[in-house]
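Asks: To be precise about what I am sending: the file is called structure.cif and holds mmCIF, C-alpha atoms.
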```cif
data_query
#
loop_
_atom_site.label_atom_id
_atom_site.label_comp_id
_atom_site.auth_asym_id
_atom_site.auth_seq_id
_atom_site.Cartn_x
_atom_site.Cartn_y
_atom_site.Cartn_z
CA MET G 1 24.81 -3.66 -7.07
CA THR G 2 24.45 -5.88 -4.05
CA SER G 3 21.77 -4.81 -1.60
CA ALA G 4 22.96 -2.74 1.34
CA GLN G 5 20.66 -4.72 3.61
CA PRO G 6 22.68 -7.45 5.34
CA LEU G 7 21.38 -10.93 6.08
CA ALA G 8 20.45 -11.24 9.76
CA LYS G 9 23.40 -12.58 11.74
CA THR G 10 21.51 -14.98 13.95
CA ALA G 11 23.40 -17.41 16.19
CA SER G 12 22.96 -21.18 16.10
CA PRO G 13 19.44 -22.63 16.22
CA PRO G 14 17.13 -23.12 17.95
CA TYR G 15 15.59 -19.66 17.96
CA TYR G 16 12.26 -18.27 16.79
CA ALA G 17 11.07 -16.54 13.63
CA VAL G 18 8.03 -14.35 13.04
CA ILE G 19 7.20 -14.59 9.35
CA PHE G 20 5.02 -11.68 8.30
CA ALA G 21 3.69 -11.72 4.73
CA SER G 22 1.49 -8.83 3.69
CA ARG G 23 0.03 -6.84 0.84
CA ARG G 24 -0.05 -3.06 1.14
CA THR G 25 -2.93 -0.78 0.33
CA ASP G 26 -2.20 2.13 -2.02
CA GLY G 27 -0.33 5.21 -0.80
CA ASP G 28 1.94 5.75 2.18
CA ARG G 29 -0.63 7.03 4.73
CA GLY G 30 1.96 7.24 7.49
CA TYR G 31 3.31 3.76 6.88
CA ASP G 32 6.97 4.61 6.34
CA GLN G 33 7.24 6.71 9.46
CA MET G 34 5.58 4.11 11.67
CA ALA G 35 7.71 1.33 10.14
CA GLU G 36 10.88 3.22 10.94
CA ARG G 37 9.73 3.75 14.51
CA MET G 38 8.79 0.08 14.94
CA ALA G 39 12.18 -1.05 13.62
CA ALA G 40 13.94 1.12 16.19
CA LEU G 41 11.65 -0.08 18.99
CA ALA G 42 11.92 -3.78 18.16
CA SER G 43 15.71 -3.69 18.08
CA GLN G 44 15.67 -2.56 21.71
CA MET G 45 13.37 -5.35 22.87
CA PRO G 46 14.87 -8.15 24.97
CA GLY G 47 15.51 -11.26 22.90
CA PHE G 48 15.60 -9.51 19.52
CA LEU G 49 18.13 -11.24 17.23
CA GLY G 50 17.68 -9.53 13.87
CA VAL G 51 15.38 -8.96 10.94
CA GLU G 52 15.20 -9.40 7.17
CA SER G 53 12.63 -7.47 5.21
CA VAL G 54 11.67 -6.81 1.62
CA ARG G 55 8.73 -5.34 -0.26
CA ASP G 56 8.38 -5.25 -4.02
CA VAL G 57 7.01 -2.47 -6.20
CA ASP G 58 3.56 -4.12 -6.28
CA GLY G 59 3.25 -3.90 -2.49
CA PHE G 60 3.88 -7.55 -1.60
CA GLY G 61 6.16 -7.77 1.42
CA ILE G 62 7.82 -10.36 3.63
CA THR G 63 9.46 -9.49 6.93
CA VAL G 64 11.07 -12.14 9.09
CA SER G 65 12.15 -11.08 12.56
CA TYR G 66 14.19 -13.42 14.75
CA TRP G 67 13.87 -13.83 18.51
CA GLU G 68 15.50 -15.80 21.29
CA SER G 69 12.24 -17.12 22.72
CA GLU G 70 8.48 -17.22 22.34
CA ASP G 71 8.24 -15.03 25.39
CA ALA G 72 10.29 -12.33 23.65
CA ILE G 73 7.83 -12.48 20.73
CA ARG G 74 4.87 -12.14 23.09
CA GLN G 75 6.43 -9.13 24.78
CA TRP G 76 7.02 -7.41 21.47
CA LYS G 77 3.48 -8.16 20.27
CA ALA G 78 2.10 -6.67 23.50
CA HIS G 79 4.21 -3.49 23.41
CA ALA G 80 1.86 -0.49 23.63
CA GLU G 81 3.16 1.41 20.61
CA HIS G 82 3.35 -1.77 18.58
CA GLN G 83 -0.29 -2.49 19.47
CA ILE G 84 -1.29 0.83 17.94
CA ALA G 85 0.74 0.02 14.82
CA GLN G 86 -0.93 -3.38 14.57
CA ARG G 87 -4.39 -1.84 14.77
CA THR G 88 -3.53 0.79 12.17
CA GLY G 89 -2.08 -1.94 9.97
CA LYS G 90 -5.39 -3.79 10.01
CA ALA G 91 -7.43 -0.67 9.40
CA VAL G 92 -5.29 1.25 6.94
CA TRP G 93 -2.05 -0.24 5.60
CA TYR G 94 -2.71 -3.85 4.65
CA THR G 95 -5.32 -5.47 2.45
CA ASP G 96 -4.38 -8.84 3.96
CA TYR G 97 -1.57 -10.45 5.90
CA ILE G 98 -0.50 -13.65 7.63
CA VAL G 99 1.75 -13.84 10.67
CA ARG G 100 3.38 -17.21 11.29
CA ILE G 101 5.38 -18.00 14.42
CA ALA G 102 7.96 -20.70 13.82
CA LYS G 103 10.83 -22.38 15.63
CA VAL G 104 14.02 -22.41 13.57
CA GLN G 105 15.54 -25.86 13.85
CA ARG G 106 18.51 -25.72 11.51
CA GLU G 107 20.12 -23.48 8.95
CA TYR G 108 22.82 -23.41 6.34
CA ARG G 109 24.35 -20.47 4.62
CA ARG G 110 26.70 -19.20 2.01
CA MET G 111 28.68 -16.26 3.20
CA PRO G 112 31.92 -15.67 1.31
CA GLU G 113 35.09 -15.11 3.35
CA GLN G 114 35.10 -11.42 2.46
CA LEU G 115 31.57 -10.96 3.82
CA ARG G 116 32.32 -13.14 6.83
CA GLN G 117 35.27 -10.94 7.81
CA ARG G 118 33.23 -7.82 7.30
CA SER G 119 30.43 -9.21 9.45
CA THR G 120 32.64 -10.11 12.40
CA SER G 121 33.99 -6.59 12.56
CA ALA G 122 30.50 -5.12 12.48
CA LYS G 123 28.20 -5.01 15.46
CA PRO G 124 26.30 -8.30 15.74
CA ILE G 125 22.82 -6.95 15.12
CA GLU G 126 22.06 -4.58 12.29
CA ILE G 127 18.58 -3.32 11.71
CA LEU G 128 16.93 -1.69 8.78
CA PRO G 129 16.27 2.01 8.70
CA SER G 130 12.63 1.49 7.79
CA LYS G 131 9.96 -0.57 6.04
CA TRP G 132 10.70 -3.74 7.88
CA PHE G 133 7.21 -4.62 8.99
CA MET H 1 -2.62 -1.50 -6.85
CA THR H 2 -2.62 -4.57 -4.64
CA SER H 3 -0.07 -7.20 -5.58
CA ALA H 4 -1.32 -10.02 -7.79
CA GLN H 5 0.68 -12.48 -5.71
CA PRO H 6 -1.64 -14.12 -3.17
CA LEU H 7 -0.62 -15.02 0.38
CA ALA H 8 0.04 -18.75 0.64
CA LYS H 9 -3.13 -20.56 1.72
CA THR H 10 -1.57 -22.95 4.18
CA ALA H 11 -3.76 -25.09 6.44
CA SER H 12 -3.59 -25.12 10.23
CA PRO H 13 -0.19 -25.51 11.91
CA PRO H 14 1.97 -27.39 12.52
CA TYR H 15 3.75 -27.45 9.18
CA TYR H 16 7.23 -26.47 8.06
CA ALA H 17 8.75 -23.38 6.47
CA VAL H 18 11.95 -22.96 4.52
CA ILE H 19 13.01 -19.32 4.90
CA PHE H 20 15.46 -18.38 2.17
CA ALA H 21 17.01 -14.91 2.39
CA SER H 22 19.48 -13.97 -0.32
CA ARG H 23 21.25 -11.20 -2.13
CA ARG H 24 21.60 -11.45 -5.90
CA THR H 25 24.67 -10.77 -7.96
CA ASP H 26 24.30 -8.33 -10.84
CA GLY H 27 22.60 -9.36 -14.08
CA ASP H 28 20.18 -12.16 -14.86
CA ARG H 29 22.64 -14.86 -16.02
CA GLY H 30 19.90 -17.44 -16.47
CA TYR H 31 18.34 -16.80 -13.07
CA ASP H 32 14.80 -15.99 -14.17
CA GLN H 33 14.47 -19.06 -16.36
CA MET H 34 15.78 -21.41 -13.68
CA ALA H 35 13.58 -19.79 -11.03
CA GLU H 36 10.50 -20.33 -13.16
CA ARG H 37 11.43 -23.98 -13.70
CA MET H 38 12.08 -24.52 -9.97
CA ALA H 39 8.73 -23.00 -9.05
CA ALA H 40 6.96 -25.40 -11.39
CA LEU H 41 8.95 -28.38 -10.11
CA ALA H 42 8.49 -27.60 -6.42
CA SER H 43 4.74 -27.25 -6.76
CA GLN H 44 4.60 -30.84 -7.97
CA MET H 45 6.60 -32.24 -5.07
CA PRO H 46 4.79 -34.26 -2.42
CA GLY H 47 4.06 -32.23 0.68
CA PHE H 48 4.33 -28.80 -0.98
CA LEU H 49 1.86 -26.38 0.63
CA GLY H 50 2.63 -23.03 -0.97
CA VAL H 51 5.16 -20.25 -1.32
CA GLU H 52 5.55 -16.52 -0.77
CA SER H 53 8.38 -14.68 -2.46
CA VAL H 54 9.61 -11.17 -2.98
CA ARG H 55 12.77 -9.48 -4.19
CA ASP H 56 13.39 -5.74 -4.18
CA VAL H 57 15.11 -3.62 -6.81
CA ASP H 58 18.42 -3.80 -4.92
CA GLY H 59 18.49 -7.60 -5.20
CA PHE H 60 17.54 -8.51 -1.63
CA GLY H 61 15.06 -11.36 -1.65
CA ILE H 62 13.07 -13.50 0.78
CA THR H 63 11.28 -16.66 -0.28
CA VAL H 64 9.35 -18.75 2.20
CA SER H 65 8.11 -22.13 0.99
CA TYR H 66 5.76 -24.22 3.12
CA TRP H 67 5.82 -27.99 3.46
CA GLU H 68 3.88 -30.71 5.25
CA SER H 69 6.93 -32.38 6.77
CA GLU H 70 10.70 -32.24 7.11
CA ASP H 71 10.88 -35.27 4.89
CA ALA H 72 9.15 -33.34 2.10
CA ILE H 73 11.78 -30.60 2.48
CA ARG H 74 14.58 -33.16 2.29
CA GLN H 75 13.12 -34.68 -0.86
CA TRP H 76 12.90 -31.31 -2.55
CA LYS H 77 16.44 -30.38 -1.53
CA ALA H 78 17.70 -33.65 -3.00
CA HIS H 79 15.83 -33.35 -6.32
CA ALA H 80 18.35 -33.68 -9.15
CA GLU H 81 17.40 -30.54 -11.06
CA HIS H 82 17.13 -28.56 -7.85
CA GLN H 83 20.63 -29.70 -6.89
CA ILE H 84 21.96 -28.18 -10.12
CA ALA H 85 20.11 -24.95 -9.36
CA GLN H 86 21.55 -24.88 -5.84
CA ARG H 87 25.09 -25.29 -7.15
CA THR H 88 24.58 -22.58 -9.77
CA GLY H 89 23.11 -20.34 -7.10
CA LYS H 90 26.26 -20.65 -5.01
CA ALA H 91 28.56 -20.11 -7.97
CA VAL H 92 26.71 -17.48 -9.98
CA TRP H 93 23.49 -15.96 -8.67
CA TYR H 94 23.94 -15.13 -5.01
CA THR H 95 26.58 -13.15 -3.16
CA ASP H 96 25.31 -14.64 0.09
CA TYR H 97 22.26 -16.42 1.47
CA ILE H 98 20.87 -18.13 4.53
CA VAL H 99 18.40 -21.01 4.50
CA ARG H 100 16.50 -21.58 7.74
CA ILE H 101 14.25 -24.58 8.31
CA ALA H 102 11.53 -23.87 10.84
CA LYS H 103 8.45 -25.51 12.28
CA VAL H 104 5.40 -23.23 12.13
CA GLN H 105 3.63 -23.47 15.47
CA ARG H 106 0.84 -20.92 15.19
CA GLU H 107 -0.43 -18.22 12.91
CA TYR H 108 -2.93 -15.41 12.71
CA ARG H 109 -4.14 -13.53 9.74
CA ARG H 110 -6.21 -10.73 8.36
CA MET H 111 -8.06 -11.74 5.26
CA PRO H 112 -11.12 -9.61 4.50
CA GLU H 113 -14.37 -11.42 3.70
CA GLN H 114 -14.10 -10.49 0.05
CA LEU H 115 -10.64 -12.05 -0.24
CA ARG H 116 -11.73 -15.04 1.80
CA GLN H 117 -14.56 -15.80 -0.59
CA ARG H 118 -12.28 -15.37 -3.55
CA SER H 119 -9.75 -17.73 -2.04
CA THR H 120 -12.18 -20.55 -1.33
CA SER H 121 -13.31 -20.59 -4.94
CA ALA H 122 -9.73 -20.72 -6.19
CA LYS H 123 -7.63 -23.84 -6.21
CA PRO H 124 -6.01 -24.31 -2.82
CA ILE H 125 -2.40 -23.86 -3.89
CA GLU H 126 -1.28 -21.06 -6.15
CA ILE H 127 2.31 -20.69 -7.14
CA LEU H 128 4.25 -17.85 -8.59
CA PRO H 129 5.21 -17.76 -12.23
CA SER H 130 8.85 -17.10 -11.44
CA LYS H 131 11.49 -15.60 -9.17
CA TRP H 132 10.44 -17.43 -6.09
CA PHE H 133 13.79 -18.78 -5.04
#
```
Here is a file; write its structure as structure tokens.
Replies:
Amino acid sequence: MTSAQPLAKTASPPYYAVIFASRRTDGDRGYDQMAERMAALASQMPGFLGVESVRDVDGFGITVSYWESEDAIRQWKAHAEHQIAQRTGKAVWYTDYIVRIAKVQREYRRMPEQLRQRSTSAKPIEILPSKWF
Amino acid sequence: MTSAQPLAKTASPPYYAVIFASRRTDGDRGYDQMAERMAALASQMPGFLGVESVRDVDGFGITVSYWESEDAIRQWKAHAEHQIAQRTGKAVWYTDYIVRIAKVQREYRRMPEQLRQRSTSAKPIEILPSKWF
């Protein structure tokens, strides 16, 4: 079964990526609920382009969110609710993590015609229901 | 249980990231064996800095490999065995994927003292046994 999560439909480079690699502590401890809330919040931020996120059964996760500008990234990082989530992440949810801010310079993709047609009829930005950070 | 996969111990920016997001087709079809071989090969390439990789049970995967320069990325992309893997990926393993080449400009991290000490005593680059592309 192909994953229901779509690849992020970003436009042509340049744009910016926030690469967030992390390892979870044991147990949920409010993580899922906060992640769902953050996904909803981020998608409403100016300059948000999309997100791809995955975590395996051992708790290793990578989330890449895409943004129009560095300023959009700064605004999202400074958002009050997101600040609380970041502090809780440090204290409770993650054993360790690295956030890397990068400028996407070029890209290439394979997207079969069937998927391409499906994607043009869908709304341009689709976000995950939860667990994306 | 914390994941056994370490975060990639990259040095200070700038350096480059290849962000590979993909969705697998059903079944292994030689994927695991090729992935293991590619991980071993890549780690021997000049300019390779490290890799982080995760795929969930639904087949959605993100692999981010880190490189010293764009030239190092080009050399790895052009490697003969890797070229075969790329072609097989298009034909057999992936329903769709996007590769994004990005320049990492800054980073911040949480790595507790205990993990920090462990990491300095380990060899600087650790790669995954398999499934990293």
Asks: Please check the contacts: residues of chain G at most 8 Å away from chain H, using all atoms listed in the file, listed as a ChimeraX atom specification.
Replies: /G:1-5,7,17,21-26,52-62,90,95-112
Asks: Mind pulling up the distance from atom CA of Ser43 of chain G to atom CA of Asp71 of chain G?
Replies: 15.4 Å
Asks: All Cα atoms, paired in order, least squares: that's the fit I need for chain G onto chain H, output as a PDB file with C-alpha atoms, in the coordinates of the input.
Replies:
```pdb
ATOM      1  CA  MET G   1      -2.640  -1.536  -6.802  1.00  0.00           C
ATOM      2  CA  THR G   2      -2.640  -4.616  -4.636  1.00  0.00           C
ATOM      3  CA  SER G   3      -0.063  -7.223  -5.579  1.00  0.00           C
ATOM      4  CA  ALA G   4      -1.302 -10.034  -7.795  1.00  0.00           C
ATOM      5  CA  GLN G   5       0.697 -12.495  -5.718  1.00  0.00           C
ATOM      6  CA  PRO G   6      -1.620 -14.134  -3.174  1.00  0.00           C
ATOM      7  CA  LEU G   7      -0.618 -15.028   0.368  1.00  0.00           C
ATOM      8  CA  ALA G   8       0.038 -18.769   0.652  1.00  0.00           C
ATOM      9  CA  LYS G   9      -3.124 -20.567   1.741  1.00  0.00           C
ATOM     10  CA  THR G  10      -1.559 -22.947   4.210  1.00  0.00           C
ATOM     11  CA  ALA G  11      -3.760 -25.098   6.451  1.00  0.00           C
ATOM     12  CA  SER G  12      -3.578 -25.111  10.244  1.00  0.00           C
ATOM     13  CA  PRO G  13      -0.184 -25.501  11.927  1.00  0.00           C
ATOM     14  CA  PRO G  14       1.965 -27.395  12.531  1.00  0.00           C
ATOM     15  CA  TYR G  15       3.738 -27.445   9.185  1.00  0.00           C
ATOM     16  CA  TYR G  16       7.227 -26.480   8.053  1.00  0.00           C
ATOM     17  CA  ALA G  17       8.745 -23.377   6.484  1.00  0.00           C
ATOM     18  CA  VAL G  18      11.963 -22.956   4.521  1.00  0.00           C
ATOM     19  CA  ILE G  19      13.021 -19.337   4.905  1.00  0.00           C
ATOM     20  CA  PHE G  20      15.464 -18.384   2.176  1.00  0.00           C
ATOM     21  CA  ALA G  21      17.025 -14.915   2.392  1.00  0.00           C
ATOM     22  CA  SER G  22      19.486 -13.974  -0.316  1.00  0.00           C
ATOM     23  CA  ARG G  23      21.269 -11.193  -2.133  1.00  0.00           C
ATOM     24  CA  ARG G  24      21.592 -11.425  -5.905  1.00  0.00           C
ATOM     25  CA  THR G  25      24.671 -10.772  -7.963  1.00  0.00           C
ATOM     26  CA  ASP G  26      24.305  -8.321 -10.859  1.00  0.00           C
ATOM     27  CA  GLY G  27      22.576  -9.350 -14.088  1.00  0.00           C
ATOM     28  CA  ASP G  28      20.154 -12.156 -14.852  1.00  0.00           C
ATOM     29  CA  ARG G  29      22.629 -14.852 -16.015  1.00  0.00           C
ATOM     30  CA  GLY G  30      19.880 -17.422 -16.467  1.00  0.00           C
ATOM     31  CA  TYR G  31      18.335 -16.788 -13.073  1.00  0.00           C
ATOM     32  CA  ASP G  32      14.788 -15.981 -14.157  1.00  0.00           C
ATOM     33  CA  GLN G  33      14.455 -19.034 -16.345  1.00  0.00           C
ATOM     34  CA  MET G  34      15.777 -21.403 -13.691  1.00  0.00           C
ATOM     35  CA  ALA G  35      13.567 -19.783 -11.027  1.00  0.00           C
ATOM     36  CA  GLU G  36      10.490 -20.327 -13.147  1.00  0.00           C
ATOM     37  CA  ARG G  37      11.431 -23.957 -13.683  1.00  0.00           C
ATOM     38  CA  MET G  38      12.082 -24.521  -9.968  1.00  0.00           C
ATOM     39  CA  ALA G  39       8.718 -22.992  -9.041  1.00  0.00           C
ATOM     40  CA  ALA G  40       6.944 -25.393 -11.386  1.00  0.00           C
ATOM     41  CA  LEU G  41       8.951 -28.367 -10.101  1.00  0.00           C
ATOM     42  CA  ALA G  42       8.481 -27.591  -6.409  1.00  0.00           C
ATOM     43  CA  SER G  43       4.721 -27.249  -6.755  1.00  0.00           C
ATOM     44  CA  GLN G  44       4.595 -30.851  -7.966  1.00  0.00           C
ATOM     45  CA  MET G  45       6.612 -32.220  -5.054  1.00  0.00           C
ATOM     46  CA  PRO G  46       4.782 -34.265  -2.414  1.00  0.00           C
ATOM     47  CA  GLY G  47       4.069 -32.216   0.694  1.00  0.00           C
ATOM     48  CA  PHE G  48       4.328 -28.805  -0.977  1.00  0.00           C
ATOM     49  CA  LEU G  49       1.844 -26.380   0.631  1.00  0.00           C
ATOM     50  CA  GLY G  50       2.637 -23.026  -0.963  1.00  0.00           C
ATOM     51  CA  VAL G  51       5.164 -20.251  -1.305  1.00  0.00           C
ATOM     52  CA  GLU G  52       5.566 -16.512  -0.764  1.00  0.00           C
ATOM     53  CA  SER G  53       8.390 -14.696  -2.467  1.00  0.00           C
ATOM     54  CA  VAL G  54       9.634 -11.169  -2.974  1.00  0.00           C
ATOM     55  CA  ARG G  55      12.789  -9.468  -4.195  1.00  0.00           C
ATOM     56  CA  ASP G  56      13.396  -5.740  -4.171  1.00  0.00           C
ATOM     57  CA  VAL G  57      15.100  -3.606  -6.798  1.00  0.00           C
ATOM     58  CA  ASP G  58      18.425  -3.796  -4.916  1.00  0.00           C
ATOM     59  CA  GLY G  59      18.493  -7.593  -5.205  1.00  0.00           C
ATOM     60  CA  PHE G  60      17.552  -8.508  -1.628  1.00  0.00           C
ATOM     61  CA  GLY G  61      15.064 -11.367  -1.636  1.00  0.00           C
ATOM     62  CA  ILE G  62      13.083 -13.507   0.781  1.00  0.00           C
ATOM     63  CA  THR G  63      11.289 -16.669  -0.277  1.00  0.00           C
ATOM     64  CA  VAL G  64       9.357 -18.764   2.204  1.00  0.00           C
ATOM     65  CA  SER G  65       8.122 -22.130   0.991  1.00  0.00           C
ATOM     66  CA  TYR G  66       5.781 -24.219   3.133  1.00  0.00           C
ATOM     67  CA  TRP G  67       5.818 -27.999   3.474  1.00  0.00           C
ATOM     68  CA  GLU G  68       3.871 -30.698   5.261  1.00  0.00           C
ATOM     69  CA  SER G  69       6.928 -32.374   6.766  1.00  0.00           C
ATOM     70  CA  GLU G  70      10.689 -32.256   7.130  1.00  0.00           C
ATOM     71  CA  ASP G  71      10.875 -35.273   4.889  1.00  0.00           C
ATOM     72  CA  ALA G  72       9.139 -33.344   2.099  1.00  0.00           C
ATOM     73  CA  ILE G  73      11.774 -30.604   2.486  1.00  0.00           C
ATOM     74  CA  ARG G  74      14.585 -33.155   2.291  1.00  0.00           C
ATOM     75  CA  GLN G  75      13.127 -34.675  -0.857  1.00  0.00           C
ATOM     76  CA  TRP G  76      12.883 -31.300  -2.534  1.00  0.00           C
ATOM     77  CA  LYS G  77      16.435 -30.361  -1.516  1.00  0.00           C
ATOM     78  CA  ALA G  78      17.694 -33.649  -2.986  1.00  0.00           C
ATOM     79  CA  HIS G  79      15.822 -33.353  -6.299  1.00  0.00           C
ATOM     80  CA  ALA G  80      18.354 -33.677  -9.136  1.00  0.00           C
ATOM     81  CA  GLU G  81      17.396 -30.538 -11.047  1.00  0.00           C
ATOM     82  CA  HIS G  82      17.123 -28.562  -7.840  1.00  0.00           C
ATOM     83  CA  GLN G  83      20.635 -29.714  -6.895  1.00  0.00           C
ATOM     84  CA  ILE G  84      21.965 -28.193 -10.102  1.00  0.00           C
ATOM     85  CA  ALA G  85      20.098 -24.956  -9.358  1.00  0.00           C
ATOM     86  CA  GLN G  86      21.541 -24.887  -5.847  1.00  0.00           C
ATOM     87  CA  ARG G  87      25.078 -25.296  -7.152  1.00  0.00           C
ATOM     88  CA  THR G  88      24.580 -22.592  -9.772  1.00  0.00           C
ATOM     89  CA  GLY G  89      23.095 -20.351  -7.095  1.00  0.00           C
ATOM     90  CA  LYS G  90      26.258 -20.654  -5.025  1.00  0.00           C
ATOM     91  CA  ALA G  91      28.547 -20.126  -7.984  1.00  0.00           C
ATOM     92  CA  VAL G  92      26.716 -17.488  -9.985  1.00  0.00           C
ATOM     93  CA  TRP G  93      23.478 -15.957  -8.688  1.00  0.00           C
ATOM     94  CA  TYR G  94      23.948 -15.124  -5.020  1.00  0.00           C
ATOM     95  CA  THR G  95      26.581 -13.141  -3.173  1.00  0.00           C
ATOM     96  CA  ASP G  96      25.309 -14.647   0.088  1.00  0.00           C
ATOM     97  CA  TYR G  97      22.270 -16.420   1.456  1.00  0.00           C
ATOM     98  CA  ILE G  98      20.866 -18.133   4.533  1.00  0.00           C
ATOM     99  CA  VAL G  99      18.408 -21.014   4.497  1.00  0.00           C
ATOM    100  CA  ARG G 100      16.510 -21.585   7.732  1.00  0.00           C
ATOM    101  CA  ILE G 101      14.253 -24.585   8.309  1.00  0.00           C
ATOM    102  CA  ALA G 102      11.538 -23.860  10.841  1.00  0.00           C
ATOM    103  CA  LYS G 103       8.443 -25.501  12.278  1.00  0.00           C
ATOM    104  CA  VAL G 104       5.405 -23.227  12.140  1.00  0.00           C
ATOM    105  CA  GLN G 105       3.633 -23.468  15.470  1.00  0.00           C
ATOM    106  CA  ARG G 106       0.844 -20.927  15.185  1.00  0.00           C
ATOM    107  CA  GLU G 107      -0.430 -18.219  12.902  1.00  0.00           C
ATOM    108  CA  TYR G 108      -2.937 -15.429  12.711  1.00  0.00           C
ATOM    109  CA  ARG G 109      -4.139 -13.551   9.716  1.00  0.00           C
ATOM    110  CA  ARG G 110      -6.214 -10.762   8.351  1.00  0.00           C
ATOM    111  CA  MET G 111      -8.060 -11.756   5.256  1.00  0.00           C
ATOM    112  CA  PRO G 112     -11.117  -9.636   4.492  1.00  0.00           C
ATOM    113  CA  GLU G 113     -14.370 -11.442   3.669  1.00  0.00           C
ATOM    114  CA  GLN G 114     -14.064 -10.482   0.009  1.00  0.00           C
ATOM    115  CA  LEU G 115     -10.610 -12.073  -0.242  1.00  0.00           C
ATOM    116  CA  ARG G 116     -11.711 -15.066   1.809  1.00  0.00           C
ATOM    117  CA  GLN G 117     -14.560 -15.798  -0.609  1.00  0.00           C
ATOM    118  CA  ARG G 118     -12.278 -15.370  -3.570  1.00  0.00           C
ATOM    119  CA  SER G 119      -9.733 -17.734  -2.044  1.00  0.00           C
ATOM    120  CA  THR G 120     -12.194 -20.541  -1.368  1.00  0.00           C
ATOM    121  CA  SER G 121     -13.303 -20.540  -4.974  1.00  0.00           C
ATOM    122  CA  ALA G 122      -9.722 -20.672  -6.201  1.00  0.00           C
ATOM    123  CA  LYS G 123      -7.626 -23.801  -6.226  1.00  0.00           C
ATOM    124  CA  PRO G 124      -5.983 -24.274  -2.821  1.00  0.00           C
ATOM    125  CA  ILE G 125      -2.383 -23.870  -3.916  1.00  0.00           C
ATOM    126  CA  GLU G 126      -1.271 -21.054  -6.161  1.00  0.00           C
ATOM    127  CA  ILE G 127       2.319 -20.690  -7.167  1.00  0.00           C
ATOM    128  CA  LEU G 128       4.272 -17.850  -8.610  1.00  0.00           C
ATOM    129  CA  PRO G 129       5.192 -17.745 -12.253  1.00  0.00           C
ATOM    130  CA  SER G 130       8.840 -17.098 -11.465  1.00  0.00           C
ATOM    131  CA  LYS G 131      11.472 -15.575  -9.187  1.00  0.00           C
ATOM    132  CA  TRP G 132      10.391 -17.421  -6.119  1.00  0.00           C
ATOM    133  CA  PHE G 133      13.728 -18.785  -5.031  1.00  0.00           C
TER     134      PHE G 133
END
```
Asks: If I take atom CA of Met45 of chain H and atom CA of Thr88 of chain H, how far is one from the other in Å, to one decimal?
Replies: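 It comes out at 20.9 Å.
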Asks: Quick one: pull the distance between atom CA of Tyr66 of chain G and atom CA of Gln44 of chain G, Å, one decimal.
Replies: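 That distance, rounded to one decimal, is 13.0 Å.
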Asks: Hey, what comes out of the PyMOL selection byres ((chain G and resi 68) around 6) on this file? Could you write it as a ChimeraX atom specification?
Replies: /G:15,47,67,69
